[in-house]
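Shown below: my_file03.csv, with CSV, C-alpha atoms and all ligand atoms.
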chain,number,residue,atom,x,y,z
A,1,MET,CA,96.7,131.6,-156.4
A,2,ARG,CA,99.7,131.0,-158.5
A,3,VAL,CA,100.9,133.4,-161.2
A,4,SER,CA,103.7,132.8,-163.7
A,5,CYS,CA,106.1,134.8,-165.7
A,6,ARG,CA,107.3,134.2,-169.2
A,7,LEU,CA,111.0,133.8,-168.2
A,8,TYR,CA,112.8,133.7,-164.9
A,9,VAL,CA,116.5,134.5,-164.8
A,10,GLU,CA,118.6,134.0,-161.7
A,11,VAL,CA,122.1,135.6,-161.8
A,12,THR,CA,124.7,134.1,-159.4
A,13,ASP,CA,127.7,135.9,-160.8
A,14,PRO,CA,127.2,139.7,-161.5
A,15,GLU,CA,129.9,139.5,-164.2
A,16,ASP,CA,127.4,137.6,-166.3
A,17,LEU,CA,125.4,140.9,-166.6
A,18,LEU,CA,128.1,142.2,-168.9
A,19,THR,CA,127.4,139.5,-171.5
A,20,LEU,CA,123.7,139.1,-171.0
A,21,ASP,CA,121.8,140.2,-174.1
A,22,PHE,CA,118.9,142.1,-172.4
A,23,ASN,CA,117.2,142.8,-175.7
A,24,ALA,CA,116.8,139.1,-176.3
A,25,LEU,CA,114.8,138.6,-173.2
A,26,PRO,CA,111.0,138.7,-173.2
A,27,GLN,CA,110.0,142.2,-172.3
A,28,PRO,CA,109.3,144.0,-170.0
A,29,LEU,CA,112.1,143.2,-167.6
A,30,PHE,CA,111.4,143.2,-163.9
A,31,VAL,CA,114.2,143.0,-161.3
A,32,MET,CA,113.0,141.2,-158.2
A,33,GLY,CA,114.5,140.8,-154.8
A,34,GLY,CA,113.0,138.2,-152.5
A,35,GLY,CA,109.6,139.3,-153.8
A,36,SER,CA,108.3,139.9,-150.3
A,37,ASN,CA,107.0,143.3,-151.0
A,38,LEU,CA,105.3,142.6,-154.3
A,39,LEU,CA,101.8,141.8,-155.4
A,40,PHE,CA,101.7,140.2,-158.8
A,41,THR,CA,98.2,141.1,-160.1
A,42,GLY,CA,98.3,138.4,-162.8
A,43,ASP,CA,100.7,136.5,-165.1
A,44,PHE,CA,103.8,138.5,-166.0
A,45,PRO,CA,104.4,138.7,-169.7
A,46,GLY,CA,108.1,139.4,-169.6
A,47,THR,CA,111.3,138.4,-167.7
A,48,VAL,CA,111.7,138.4,-163.9
A,49,LEU,CA,115.4,138.7,-163.1
A,50,ARG,CA,116.7,138.0,-159.7
A,51,MET,CA,120.2,138.5,-158.3
A,52,ALA,CA,121.1,135.4,-156.4
A,53,ASN,CA,124.8,136.2,-155.7
A,54,GLN,CA,126.0,135.4,-152.2
A,55,GLY,CA,128.8,136.4,-149.9
A,56,ARG,CA,130.2,139.3,-147.9
A,57,SER,CA,133.5,140.9,-147.3
A,58,VAL,CA,134.5,142.9,-144.3
A,59,MET,CA,136.9,145.9,-144.4
A,60,PRO,CA,138.1,148.3,-141.7
A,61,GLY,CA,136.2,151.6,-141.7
A,62,SER,CA,136.8,154.9,-139.9
A,63,THR,CA,137.4,154.8,-136.1
A,64,GLY,CA,134.7,152.8,-134.4
A,65,HIS,CA,133.3,151.5,-137.6
A,66,LEU,CA,133.8,148.8,-140.1
A,67,VAL,CA,132.3,148.4,-143.6
A,68,VAL,CA,130.9,145.2,-145.0
A,69,ARG,CA,130.0,144.6,-148.6
A,70,VAL,CA,127.1,142.2,-148.9
A,71,ALA,CA,125.9,140.5,-152.1
A,72,ALA,CA,122.5,141.5,-153.3
A,73,GLY,CA,121.1,138.0,-153.0
A,74,VAL,CA,121.8,137.6,-149.3
A,75,VAL,CA,118.7,137.3,-147.2
A,76,PHE,CA,118.6,140.6,-145.3
A,77,ASP,CA,117.9,138.9,-142.0
A,78,ASP,CA,120.9,136.6,-142.4
A,79,PHE,CA,123.0,139.8,-142.6
A,80,CYS,CA,121.3,141.1,-139.5
A,81,ALA,CA,121.9,137.8,-137.7
A,82,TRP,CA,125.6,137.9,-138.6
A,83,ALA,CA,126.1,141.5,-137.5
A,84,ALA,CA,124.4,140.8,-134.2
A,85,ALA,CA,126.5,137.7,-133.6
A,86,GLU,CA,129.6,139.7,-134.3
A,87,GLY,CA,128.5,142.4,-131.8
A,88,LEU,CA,128.2,145.0,-134.6
A,89,TRP,CA,125.7,147.8,-134.4
A,90,GLY,CA,123.4,149.1,-137.0
A,91,PRO,CA,120.9,146.6,-138.5
A,92,GLU,CA,119.6,145.0,-135.2
A,93,ASN,CA,116.3,147.0,-135.3
A,94,LEU,CA,115.7,145.8,-138.8
A,95,SER,CA,115.8,142.1,-137.7
A,96,LEU,CA,113.3,139.7,-139.3
A,97,ILE,CA,112.2,142.0,-142.1
A,98,PRO,CA,111.7,139.7,-145.0
A,99,GLY,CA,113.5,140.2,-148.3
A,100,GLU,CA,117.1,140.5,-149.6
A,101,VAL,CA,119.9,142.9,-149.4
A,102,GLY,CA,119.6,144.3,-152.9
A,103,ALA,CA,115.9,145.1,-152.3
A,104,SER,CA,116.6,146.7,-149.0
A,105,ALA,CA,118.5,149.4,-150.8
A,106,VAL,CA,115.7,150.0,-153.3
A,107,GLN,CA,112.9,150.2,-150.8
A,108,ASN,CA,114.8,151.8,-147.9
A,109,ILE,CA,113.3,149.2,-145.6
A,110,GLY,CA,112.7,150.4,-142.1
A,111,ALA,CA,111.4,149.4,-138.7
A,112,TYR,CA,111.6,150.6,-135.1
A,113,GLY,CA,113.2,153.9,-135.7
A,114,VAL,CA,115.9,152.7,-138.2
A,115,GLU,CA,116.0,152.8,-142.0
A,116,ALA,CA,118.4,151.0,-144.3
A,117,LYS,CA,119.7,154.3,-145.5
A,118,ASP,CA,121.1,154.9,-142.0
A,119,ILE,CA,123.6,152.1,-142.4
A,120,ILE,CA,124.0,152.0,-146.2
A,121,ASP,CA,127.4,153.5,-147.3
A,122,THR,CA,127.5,152.6,-151.0
A,123,VAL,CA,125.2,150.8,-153.4
A,124,HIS,CA,127.0,148.8,-156.1
A,125,ALA,CA,125.0,148.3,-159.3
A,126,PHE,CA,125.1,147.4,-162.9
A,127,ASP,CA,124.1,150.3,-165.1
A,128,ARG,CA,122.1,148.9,-167.9
A,129,GLN,CA,122.2,152.2,-169.9
A,130,GLU,CA,126.0,152.3,-169.9
A,131,ARG,CA,126.7,148.6,-169.5
A,132,ARG,CA,129.1,149.0,-166.7
A,133,PHE,CA,129.3,148.6,-162.9
A,134,VAL,CA,128.9,151.7,-160.8
A,135,ASP,CA,129.3,152.6,-157.1
A,136,ILE,CA,126.6,155.0,-155.9
A,137,PRO,CA,127.1,156.7,-152.5
A,138,SER,CA,124.1,156.5,-150.2
A,139,ALA,CA,123.7,160.3,-150.3
A,140,ASP,CA,123.0,160.2,-154.0
A,141,CYS,CA,120.3,157.6,-153.9
A,142,GLY,CA,117.5,160.0,-153.0
A,143,TYR,CA,116.4,158.0,-149.9
A,144,GLY,CA,113.1,158.9,-148.2
A,145,TYR,CA,110.4,157.0,-146.3
A,146,ARG,CA,110.3,153.6,-148.1
A,147,THR,CA,111.6,155.1,-151.3
A,148,SER,CA,114.7,155.9,-153.4
A,149,LEU,CA,115.6,156.9,-156.9
A,150,PHE,CA,115.8,153.2,-157.8
A,151,LYS,CA,112.0,153.1,-157.4
A,152,THR,CA,111.4,156.4,-159.2
A,153,ASP,CA,113.6,158.3,-161.7
A,154,TRP,CA,116.1,155.5,-162.1
A,155,LYS,CA,113.5,152.7,-162.3
A,156,GLY,CA,114.8,149.9,-164.6
A,157,ARG,CA,118.2,151.5,-165.1
A,158,TYR,CA,120.3,149.8,-162.4
A,159,ILE,CA,120.5,146.2,-161.2
A,160,ILE,CA,121.9,146.2,-157.6
A,161,ILE,CA,124.6,143.7,-157.2
A,162,ALA,CA,125.8,144.4,-153.7
A,163,VAL,CA,125.5,146.9,-150.8
A,164,THR,CA,128.2,148.2,-148.6
A,165,PHE,CA,127.0,148.9,-145.0
A,166,ARG,CA,128.7,150.9,-142.4
A,167,LEU,CA,128.5,149.3,-139.0
A,168,SER,CA,129.5,150.6,-135.6
A,169,THR,CA,131.8,148.7,-133.3
A,170,VAL,CA,130.8,150.9,-130.3
A,171,PRO,CA,127.3,150.6,-128.8
A,172,GLN,CA,124.6,152.6,-130.5
A,173,PRO,CA,121.3,151.3,-129.3
A,174,LYS,CA,118.2,152.9,-130.8
A,175,LEU,CA,115.4,152.2,-128.4
A,176,ASP,CA,113.1,155.3,-128.7
A,177,TYR,CA,110.6,154.0,-131.2
A,178,GLY,CA,107.3,152.9,-129.9
A,179,GLY,CA,107.5,150.0,-127.5
A,180,VAL,CA,111.1,148.9,-128.0
A,181,ARG,CA,112.5,150.2,-124.7
A,182,LYS,CA,109.5,148.8,-122.8
A,183,ALA,CA,109.8,145.4,-124.5
A,184,ILE,CA,113.5,145.3,-123.5
A,185,GLU,CA,112.7,146.1,-119.9
A,186,ARG,CA,109.8,143.6,-119.8
A,187,ARG,CA,112.1,140.9,-121.3
A,188,ILE,CA,114.7,141.5,-118.7
A,189,GLU,CA,112.2,141.4,-115.9
A,190,GLY,CA,110.8,138.1,-117.2
A,191,MET,CA,114.3,136.6,-117.3
A,192,GLY,CA,115.0,136.8,-113.5
A,193,SER,CA,118.3,137.7,-112.0
A,194,GLU,CA,120.1,134.6,-112.9
A,195,THR,CA,119.8,135.0,-116.7
A,196,TYR,CA,120.3,138.7,-116.2
A,197,ALA,CA,123.7,137.9,-114.7
A,198,THR,CA,124.6,135.4,-117.4
A,199,LEU,CA,124.1,138.1,-119.9
A,200,GLY,CA,126.9,139.9,-118.3
A,201,LEU,CA,124.7,142.7,-117.1
A,202,LEU,CA,125.4,142.4,-113.4
A,203,GLU,CA,128.6,142.3,-111.5
A,204,GLY,CA,131.7,141.5,-113.6
A,205,GLY,CA,129.7,142.1,-116.7
A,206,ALA,CA,131.2,145.4,-117.4
A,207,HIS,CA,134.3,143.8,-118.9
A,208,LEU,CA,132.1,142.8,-121.9
A,209,TRP,CA,131.8,146.4,-122.7
A,210,GLU,CA,135.5,147.1,-123.0
A,211,GLY,CA,135.7,149.3,-120.0
A,212,ARG,CA,133.0,151.6,-121.0
A,213,ARG,CA,131.6,151.2,-117.5
A,214,SER,CA,133.2,150.7,-114.2
A,215,GLN,CA,132.5,147.4,-112.5
A,216,SER,CA,129.2,147.2,-110.8
A,217,ASP,CA,128.9,146.1,-107.1
A,218,ARG,CA,125.4,144.8,-107.7
A,219,ARG,CA,124.5,141.4,-106.2
A,220,VAL,CA,122.5,138.9,-108.1
A,221,SER,CA,119.7,139.0,-105.5
A,222,ASP,CA,119.2,142.8,-105.9
A,223,PRO,CA,116.1,143.9,-107.7
A,224,ILE,CA,116.6,144.2,-111.5
A,225,PRO,CA,117.2,147.8,-112.5
A,226,SER,CA,116.2,149.4,-115.7
A,227,ILE,CA,119.0,148.4,-118.1
A,228,PRO,CA,121.6,151.0,-118.9
A,229,ASP,CA,121.7,151.6,-122.7
A,230,GLU,CA,125.5,151.1,-122.9
A,231,ASN,CA,125.1,147.5,-121.5
A,232,LEU,CA,122.8,146.3,-124.2
A,233,THR,CA,124.1,144.1,-127.0
A,234,PRO,CA,123.0,144.1,-130.6
A,235,GLN,CA,122.0,140.4,-130.1
A,236,PHE,CA,119.8,141.3,-127.2
A,237,ILE,CA,118.0,144.0,-129.1
A,238,ARG,CA,117.7,141.8,-132.2
A,239,ASP,CA,116.1,139.1,-130.1
A,240,THR,CA,113.7,141.6,-128.6
A,241,ILE,CA,112.7,143.0,-132.0
A,242,ILE,CA,112.1,139.5,-133.3
A,243,GLY,CA,109.9,138.9,-130.3
A,244,ILE,CA,107.8,142.0,-131.0
A,245,ARG,CA,107.5,141.2,-134.7
A,246,GLU,CA,106.5,137.6,-134.1
A,247,GLN,CA,103.7,138.7,-131.8
A,248,LYS,CA,102.0,141.0,-134.3
A,249,LEU,CA,103.2,140.2,-137.8
A,250,PRO,CA,102.3,137.1,-139.8
A,251,ASP,CA,105.1,134.5,-140.3
A,252,PRO,CA,105.7,134.4,-144.0
A,253,LYS,CA,106.4,130.7,-143.8
A,254,GLU,CA,102.8,130.1,-142.5
A,255,ILE,CA,100.7,132.8,-144.1
A,256,GLY,CA,101.3,134.8,-147.2
A,257,SER,CA,101.5,138.6,-147.0
A,258,ALA,CA,103.7,141.4,-148.3
A,259,GLY,CA,104.3,143.1,-145.0
A,260,SER,CA,102.8,146.5,-144.4
A,261,PHE,CA,100.4,146.9,-147.3
A,262,PHE,CA,100.1,150.7,-146.9
A,263,CYS,CA,102.5,153.5,-146.1
A,264,ASN,CA,101.8,155.7,-143.1
A,265,PRO,CA,100.5,159.0,-144.4
A,266,VAL,CA,102.0,162.3,-143.4
A,267,ILE,CA,99.5,165.2,-143.2
A,268,ASP,CA,99.5,168.8,-142.1
A,269,ARG,CA,98.6,169.8,-138.6
A,270,GLU,CA,95.2,171.3,-139.4
A,271,HIS,CA,94.1,168.1,-141.1
A,272,PHE,CA,95.4,166.1,-138.1
A,273,GLU,CA,93.3,168.3,-135.8
A,274,ARG,CA,90.2,167.3,-137.8
A,275,ILE,CA,91.1,163.7,-137.4
A,276,VAL,CA,91.5,164.2,-133.6
A,277,SER,CA,87.9,165.7,-133.5
A,278,ILE,CA,86.5,162.7,-135.3
A,279,ALA,CA,88.3,160.3,-133.0
A,280,LYS,CA,87.2,162.1,-129.9
A,281,ALA,CA,83.6,162.2,-131.0
A,282,GLU,CA,83.7,158.5,-131.5
A,283,ASN,CA,85.9,157.4,-128.6
A,284,GLY,CA,85.4,160.0,-125.9
A,285,PRO,CA,87.0,163.4,-125.1
A,286,ASP,CA,90.1,161.9,-123.4
A,287,TYR,CA,91.0,159.7,-126.4
A,288,GLU,CA,94.5,160.3,-127.9
A,289,VAL,CA,95.2,159.6,-131.5
A,290,PRO,CA,98.6,157.9,-132.0
A,291,HIS,CA,100.9,160.0,-134.2
A,292,TYR,CA,104.5,160.9,-134.8
A,293,ASP,CA,105.6,164.5,-135.4
A,294,VAL,CA,107.6,164.9,-138.7
A,295,GLY,CA,108.8,168.5,-138.7
A,296,GLU,CA,105.7,170.7,-139.2
A,297,LYS,CA,103.7,167.7,-140.3
A,298,VAL,CA,102.2,164.7,-138.6
A,299,LYS,CA,102.5,161.0,-139.5
A,300,VAL,CA,99.3,159.1,-138.6
A,301,PRO,CA,99.6,155.3,-138.4
A,302,ALA,CA,97.5,153.8,-141.2
A,303,ALA,CA,97.1,150.7,-138.9
A,304,TRP,CA,95.2,153.0,-136.5
A,305,MET,CA,92.8,154.3,-139.2
A,306,ILE,CA,92.2,150.9,-140.6
A,307,ASP,CA,91.4,149.6,-137.1
A,308,GLN,CA,89.1,152.6,-136.4
A,309,CYS,CA,87.2,151.8,-139.5
A,310,GLY,CA,86.5,148.3,-138.2
A,311,PHE,CA,88.5,146.5,-140.8
A,312,LYS,CA,90.5,144.3,-138.4
A,313,GLY,CA,90.0,140.7,-139.5
A,314,MET,CA,87.7,141.6,-142.4
A,315,ARG,CA,87.7,139.0,-145.2
A,316,LEU,CA,87.0,139.3,-148.9
A,317,GLY,CA,87.3,135.9,-150.4
A,318,GLY,CA,90.8,134.6,-149.4
A,319,ALA,CA,92.1,138.0,-148.6
A,320,GLN,CA,92.0,139.3,-145.0
A,321,VAL,CA,93.0,142.4,-143.0
A,322,TYR,CA,95.3,140.7,-140.5
A,323,PRO,CA,93.6,140.8,-137.1
A,324,LYS,CA,96.8,141.4,-135.1
A,325,GLN,CA,98.2,144.2,-137.3
A,326,PRO,CA,95.7,145.7,-139.7
A,327,LEU,CA,98.3,147.3,-141.8
A,328,VAL,CA,99.0,143.9,-143.3
A,329,ILE,CA,96.7,142.2,-145.8
A,330,VAL,CA,97.2,138.4,-145.8
A,331,ASN,CA,96.4,135.6,-148.1
A,332,ALA,CA,94.4,133.9,-145.3
A,333,THR,CA,93.4,130.8,-147.2
A,334,GLY,CA,96.5,130.4,-149.3
A,335,ALA,CA,94.1,130.7,-152.3
A,336,ALA,CA,93.3,134.4,-152.4
A,337,THR,CA,93.3,135.8,-155.9
A,338,PRO,CA,95.0,139.0,-156.9
A,339,GLU,CA,91.6,140.5,-157.6
A,340,GLU,CA,90.4,139.7,-154.0
A,341,ILE,CA,93.5,141.4,-152.5
A,342,VAL,CA,93.1,144.4,-154.8
A,343,ALA,CA,89.4,144.6,-154.0
A,344,LEU,CA,90.1,144.6,-150.2
A,345,GLU,CA,92.8,147.2,-150.7
A,346,ARG,CA,90.4,149.5,-152.6
A,347,ARG,CA,87.7,149.1,-150.0
A,348,VAL,CA,90.2,150.1,-147.2
A,349,ILE,CA,91.4,153.1,-149.3
A,350,GLY,CA,87.9,154.2,-150.1
A,351,THR,CA,86.6,154.0,-146.5
A,352,ILE,CA,89.6,155.9,-145.2
A,353,ARG,CA,89.3,158.6,-147.9
A,354,GLU,CA,85.6,159.1,-147.0
A,355,LYS,CA,86.1,159.1,-143.2
A,356,TYR,CA,89.4,161.0,-142.8
A,357,GLY,CA,90.0,162.7,-146.1
A,358,ILE,CA,93.3,160.8,-146.4
A,359,GLU,CA,94.4,158.9,-149.5
A,360,LEU,CA,96.4,155.8,-148.4
A,361,HIS,CA,99.1,154.7,-150.8
A,362,PRO,CA,100.2,151.1,-150.9
A,363,GLU,CA,103.7,150.3,-149.8
A,364,VAL,CA,103.4,147.0,-151.7
A,365,GLU,CA,104.5,147.3,-155.4
A,366,HIS,CA,101.8,146.1,-157.8
A,367,VAL,CA,103.3,144.3,-160.8
B,401,LIG,N1,97.6,150.6,-134.1
B,401,LIG,C1,96.2,150.5,-133.8
B,401,LIG,N2,95.6,149.3,-134.0
B,401,LIG,C2,96.2,148.2,-134.3
B,401,LIG,C3,97.6,148.2,-134.6
B,401,LIG,C4,98.2,149.4,-134.5
B,401,LIG,O1,95.6,151.5,-133.4
B,401,LIG,O2,95.6,147.2,-134.4
B,401,LIG,C5,98.3,151.8,-133.9
B,401,LIG,C6,99.0,151.8,-132.6
B,401,LIG,O3,98.8,153.1,-132.0
B,401,LIG,C7,100.5,151.7,-133.0
B,401,LIG,C8,100.4,152.4,-134.4
B,401,LIG,O4,99.2,152.0,-134.9
B,401,LIG,O5,101.3,152.4,-132.1
B,401,LIG,C9,101.6,152.0,-135.3
B,401,LIG,O6,101.7,150.6,-135.3
B,401,LIG,P1,103.2,149.9,-135.5
B,401,LIG,O7,104.2,150.8,-134.9
B,401,LIG,O8,103.0,148.6,-135.0
B,401,LIG,O9,103.3,149.9,-137.0
B,401,LIG,P2,103.4,151.0,-138.1
B,401,LIG,O10,104.0,152.3,-137.6
B,401,LIG,O11,102.1,151.2,-138.7
B,401,LIG,C10,105.7,150.7,-139.3
B,401,LIG,C11,106.2,150.0,-140.5
B,401,LIG,C12,106.5,148.5,-140.2
B,401,LIG,C13,107.4,148.4,-139.1
B,401,LIG,C14,106.8,149.1,-137.9
B,401,LIG,C15,107.7,149.1,-136.7
B,401,LIG,C16,105.2,151.3,-142.3
B,401,LIG,C17,104.3,151.3,-143.5
B,401,LIG,N3,105.3,150.1,-141.6
B,401,LIG,O12,104.4,150.2,-139.1
B,401,LIG,O13,107.1,148.0,-141.4
B,401,LIG,O14,107.7,147.0,-138.8
B,401,LIG,O15,106.5,150.5,-138.2
B,401,LIG,O16,108.7,150.0,-136.9
B,401,LIG,O17,106.0,152.2,-142.1
B,401,LIG,C18,106.8,146.8,-143.4
B,401,LIG,O18,107.3,147.9,-144.0
B,401,LIG,O19,106.5,145.8,-144.1
B,401,LIG,C19,106.6,146.8,-142.0
B,401,LIG,C20,106.1,145.8,-141.4
What would the structure in this file look like if it were written as structure tokens?
Ligand code: EPU
Amino acid sequence: MRVSCRLYVEVTDPEDLLTLDFNALPQPLFVMGGGSNLLFTGDFPGTVLRMANQGRSVMPGSTGHLVVRVAAGVVFDDFCAWAAAEGLWGPENLSLIPGEVGASAVQNIGAYGVEAKDIIDTVHAFDRQERRFVDIPSADCGYGYRTSLFKTDWKGRYIIIAVTFRLSTVPQPKLDYGGVRKAIERRIEGMGSETYATLGLLEGGAHLWEGRRSQSDRRVSDPIPSIPDENLTPQFIRDTIIGIREQKLPDPKEIGSAGSFFCNPVIDREHFERIVSIAKAENGPDYEVPHYDVGEKVKVPAAWMIDQCGFKGMRLGGAQVYPKQPLVIVNATGAATPEEIVALERRVIGTIREKYGIELHPEVEHV
């Protein structure tokens, strides 16, 4: 279903923010990125403002790094694609996340063991309160799991105009999240030795890595070994991540969604043990509940709980719990109403509260 706003403003030159009369705009004002993590629950009575500025500038950084300032309106994945093509390390695990650069710094987007905050150096913003441009170091932005001060205490105050990222020129592969390393190994196996060689991963390939490894004496006919981390390229990792995402996440061009609908909850260990007991009672004594340790606490995948509650593929009108990744609610028919999406969301939250005593919180912002 379509919703509309009273006024939509697209800003291509940040300097225009200095002269824009914000008080003359229909209120409230909502600053939107690509809109890929939003659920409009009805018509919006005020102004939706979107930074649509483009461009990037590269500057030298400290040894082994360079910094790149990217305009807020750049599609985040275009930035990832550029970095990978240049052989720069940092955003490759964040490949194919929908949305724009400005929003990435608000939401602290994350995937496969990397968060935007890991590569953000400085956020450049227009301060509406003081009507001037400011540079905010990443450390001051209050970054946490899918959150920042831009979403909380500072909500409405800043309009992000650009983000400076700090990228590495030396290999820094991050492969330890979930199935990333396995997917890379599987991809290499599937390629066969010939392609493996053309990637520069066999004999003679070491030169690609600027002498980090001595030349290998492997032959193309030898069995394919597990790939040494230092021989990977950002492009190879990016392509692998894209492969994983395409397998389980809906393509926004084909089916509407706002990505992960819920945040993964973090609970204390005692609570987790109660969940383990429930899961073992249902699935057998050897069953293992997927989880990640976060200090003293435990993060339990919301996708797993939603799956265990039998929601996979469940429909309510045009809204559906996506069968391949139940963390995502999709607009399956293209005609789902906001009410249907919210009703399905409530049903998921209520069932999980009842079964596991956990309150799921949406990652998607409701406007
Ligand atoms: N699982 C099931 N059943 C399923 C699917 C998953 O039991 O049908 C379990 C599996 O054990 C799996 C676990 O859930 O290992 C977690 O699944 P996965 O790693 O695929 O996703 P996630 O941890 O729930 C997070 C992010 C995603 C990001 C992936 C990969 C959140 C809310 N979501 O999901 O981000 O792509 O990790 O890093 O943190 C997004 O924010 O829009 C988004 C897609």
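If you look at CA of Asp21 in chain A and CA of Arg128 in chain A, they are 10.7 Å away from each other.
Between atom C17 of ligand LIG 401 (chain B) and CA of Leu327 in chain A the separation is 7.4 Å.
As for CA of Pro60 in chain A and CA of Val163 in chain A, they are spaced 15.6 Å apart.
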If we count all atoms listed in the file, what is near Gly46 in chain A at a cut-off of 8 Å, once residues fewer than 2 positions away on the same chain are taken out, given as a ChimeraX atom specification?
/A:5-7,25-30,44,48
Pick out the residues no farther than 9 Å from ligand LIG 401 (chain B), counting only C-alpha atoms and all ligand atoms, and list them as a PyMOL selection string.
chain A and resi 36-37+93-94+97-98+109-114+145-146+177-179+245+248-249+258-265+289-291+300-308+312+322-328+362-364
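Distance cut-off 12 Å, centre (90.1, 162.2, -146.3), atoms counted all atoms listed in the file; the residues meeting this are Pro265, Ile267, His271, Phe272, Arg274, Ile275, Ile278, Met305, Ile349, Gly350, Thr351, Ile352, Arg353, Glu354, Lys355, Tyr356, Gly357, Ile358, Glu359 and Leu360 of chain A.
The shortest atom-to-atom distance to Leu88 in chain A, with only C-alpha atoms taken into account, belongs to A:Thr169 out of A:Gln107, A:Thr169, A:Asn53, A:Gln320.
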Can you pull out the residues contacting Pro338 in chain A? Cut-off 9 Å, using all atoms listed in the file, and skip same-chain residues under 5 positions away; I want them as a count of residues only.
7
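If you measure from each of A:Cys141, A:Leu17, A:Ala84, A:Ala71 to Asp127 in chain A using only C-alpha atoms, the closest one turns out to be A:Leu17.
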In the coordinates of the file, take the point (132.7, 150.5, -140.5) and a cut-off of 6 Å; then, counting all atoms listed in the file, name each qualifying protein, DNA or RNA residue as a PyMOL selection string.
chain A and resi 60-61+65-67+166-168
Can you pull out the residues contacting Ala183 in chain A? Cut-off 10 Å, using all atoms listed in the file, and skip same-chain residues under 5 positions away; I want them as a PyMOL selection string.
chain A and resi 175+178+188-189+237+240-241+243-244
Do a neighbour search on range 129-139 of chain A at 10 Å with only C-alpha atoms, toss out local chain neighbours closer than 2 positions, and write the hits as number ranges by chain.
A: 14-15, 17-19, 105, 116-127, 141-143, 148, 156-165
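Among the candidates A:Cys309, A:Pro173, A:Asp43, A:Pro234, the one nearest to Glu282 in chain A when counting only C-alpha atoms is A:Cys309.
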